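The structure under discussion appears below in the form of C-alpha cells.
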Amino acid sequence: MEPAIKLSAGVSKWDIRQKVWDYIEDHNLADFPRPVHHRIPNFKGAAQAAGQLPSLQEFRNAKTIKVNPDAPQKNARFLILEARKMLLVPTPRLRSGLFNKIIPPLGASKDILRVCATSQGVKEYSVPIGLDAKVHVDLVVVGSVAVSHKGWRIGKGEGFADMEYAMMATMGAVGENTTVVTIVHDCQVVDIPEELVADHDLTVDYILTPTRIIKTDCKRAKPQAIIWSKVTWELMQRIPILKSLQDRERQAGKDVRLKDERTSEDKEKTALMGAAGAEPRLPNSQSRSARVGQRDLQSNTEAVTTVYVGNIPQSMRAGEFKNMLRESNASPVRLSWQGAQHRAFLDYKDASAAQRVVSSLQGLNISGNTLLVELSTSRRSRMSGNPLSQKQD
C-alpha cells in the first residue's frame with residue numbers, strides 16, 4: 001500500500017508531524033479530543049486497530065504489558081485487562097514516578113474494565129510502582145504521530161516514550177525480548193528518512209492499523225539505557241525521577257554527567273589551554289562571523305553568543321520549539337521566545353557552539369516555513385542569570 005502522505009526531500013520531524021496532523025483533520029479522520037495537533041492523534045477506527053492486538057502471539061505470551069495513556073490506546077488497555085494481564089501505564093509526564101499498575105475491583109465486569117481503561121479510571125484504579133519493584137515488561141504499546149514500515153517512529157516531540165523506554169532499560173524492566181507495538185491510522189504510516197532517526201529513538205516491531213498488521217522486522221537497536229550525555233538540566237527538572245536513576249547509576253560507577261556538565265567542562269579545558277596568553281581561535285571562515293554575535297556579560301565577563309531564528313511558523317508553540325532544538329542537539333542556555341513576531345533568540349556559552357547551531361538549523365523547513373537563522377548583531381548584553389529581554393534593540 002502506497003503511503004497516503006508523500007514526503008519531500010529534506011523534511012524535518014516537525015514537518016512530518018504537521019503533515020500527519022493536517023491530513024487527519026482535513027480528511028475528517030480525527031476523533032475526540034480535537035484538534036489532533038500537538039497530540040498523539042486519536043482517530044476513527046482506533047478501537048478496531050487495537051482489536052488486532054490479541055491476535056499477536058507476543059500478546060498471548062505476555063504477562064505484563066505497558067501502554068501509554070493516550071486516547072487511541074484505550075481499547076488496548078481494556079483488552080489487556082480483559083485478558084487478566086498486568087497493565088502498567090506511565091505516570092503523567094513522569095513527574096512522580098515511572099509506572100502505575102491498574103488494579104480493577106475484584107470481579108469487575110466488562111463495563112467496569114472499560115472504565116478502568118479510561119484516563120479517569122487510570123487515576124482511580126491504579127497504584128504507583130516504585131523503582132525498586134522487580135518488574136519485567138514483556139510488551140510495550142506506544143502511540144505515534146508517524147511510523148514507517150521499517151519500524152522508525154516519530155512521537156509528538158516531547159520525547160517521553162523514548163525516555164520511558166530508556167528508563168525501563170536502566171531499571172532492567174525491558175530487554176532484548178521485549179516487543180514494541182504501535183497503534184495508528186493507515187495514513188500515519190509514512191516513509192521516514194533514515195537520517196531523522198537518532199540512537200535514542202524508540203523503534204517498533206509491529207504496527208497495528210484498522211486494516212493491517214505490519215511486522216517491521218526492525219534490526220535497529222532500541223534504547224539500552226539512558227544516554228546521560230544527551231540529558232539536560234531542563235529535562236532533569238521536568239522529570240524528577242531521573243535524579244533518582246542518576247544517583248543509582250553514579251553509585252554503580254557509571255558516567256552520568258549531563259550534556260550541560262560536559263559542555264562546561266569542555267569550555268574550562270579550552271580556557272586552560274588558552275591561559276598562557278593565546279586566545280583559542282576559530283577556523284578563519286568562522287572567526288569573524290562568530291565574534292559578531294558575541295556579547296560580554298558584565299557580571300563576571302562570561303560571554304554569550306546569541307543566535308536569531310526567524311520565520312517560525314505561527315502554529316508552533318514555545319514548548320515545541322524547545323523540543324525541536326533538543327532533537328537538533330541545539331538546546332541553548334537561555335531562550336527568548338517571541339512567537340507573536342515569529343522569532344526567537346537563543347543564547348549559547350561560546351561562539352563555536354552558536355556557529356554550529358546556525359549551520360545545523362539554517363534552511364530547516366518547518367510546516368512550509370524555511371527558518372532564517374543567523375548570529376544576532378543587535379541583542380543587548382545581559383547580566384548572567386537574568387531573564388532574556390523580550391525586546392530587540
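Lettering and numbering for the C-alpha cells are positional, with chains as A, B, ... in the shown order, residues counted from 1 in each chain, and ligands counted from 1 in the shown order.
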Quiz item: What's the 8 Å shell around segment 28-32 of chain A, counting only C-alpha atoms, without same-chain residues fewer than 5 positions away, as a ChimeraX atom specification?
Solution: /A:41-44
Could you write out that same residue set with N, CA, C and O atoms as an mmCIF file, in the first residue's frame?
```
data_model
loop_
_atom_site.group_PDB
_atom_site.id
_atom_site.type_symbol
_atom_site.label_atom_id
_atom_site.label_comp_id
_atom_site.auth_asym_id
_atom_site.auth_seq_id
_atom_site.Cartn_x
_atom_site.Cartn_y
_atom_site.Cartn_z
ATOM 1 N N PRO A 41 -2.435 11.543 17.936
ATOM 2 C CA PRO A 41 -3.788 11.755 17.415
ATOM 3 C C PRO A 41 -4.722 10.569 17.649
ATOM 4 O O PRO A 41 -4.367 9.423 17.389
ATOM 5 N N ASN A 42 -5.913 10.876 18.159
ATOM 6 C CA ASN A 42 -6.961 9.873 18.208
ATOM 7 C C ASN A 42 -7.669 9.878 16.863
ATOM 8 O O ASN A 42 -7.860 10.932 16.263
ATOM 9 N N PHE A 43 -8.061 8.706 16.394
ATOM 10 C CA PHE A 43 -8.599 8.608 15.039
ATOM 11 C C PHE A 43 -9.770 7.634 14.993
ATOM 12 O O PHE A 43 -9.911 6.749 15.860
ATOM 13 N N LYS A 44 -10.606 7.815 13.997
ATOM 14 C CA LYS A 44 -11.721 6.904 13.777
ATOM 15 C C LYS A 44 -11.168 5.537 13.354
ATOM 16 O O LYS A 44 -10.392 5.447 12.409
#
```
Quiz prompt | Exercise: Trp228 of chain A partners within 10 Å, only C-alpha atoms, chain neighbours under 4 positions left out, as a list in words | solution = Thr232, Leu242, Gln246, Lys254, Asp255, Val256, Arg257, Leu258 and Lys259 of chain A
Self-check item: Option closest in space to Arg77 of chain A, from A:Arg60, A:Lys230, A:Arg317, A:Arg114 [counting only C-alpha atoms]
Solution: A:Arg114
Exercise. Can you work out the spacing between atom CA of Leu372 of chain A and atom CA of Arg343 of chain A in Å, to one decimal?
Key: 9.0 Å
Quiz item: Nearest to Val115 of chain A among A:Ala330, A:Ile103, A:Met167, A:Val189, with distances taken over only C-alpha atoms: which residue is it?
Solution: A:Ile103
Self-check item: atom CA of Asp138 of chain A to atom CA of Thr64 of chain A, straight-line distance in Å
Solution: 5.6 Å
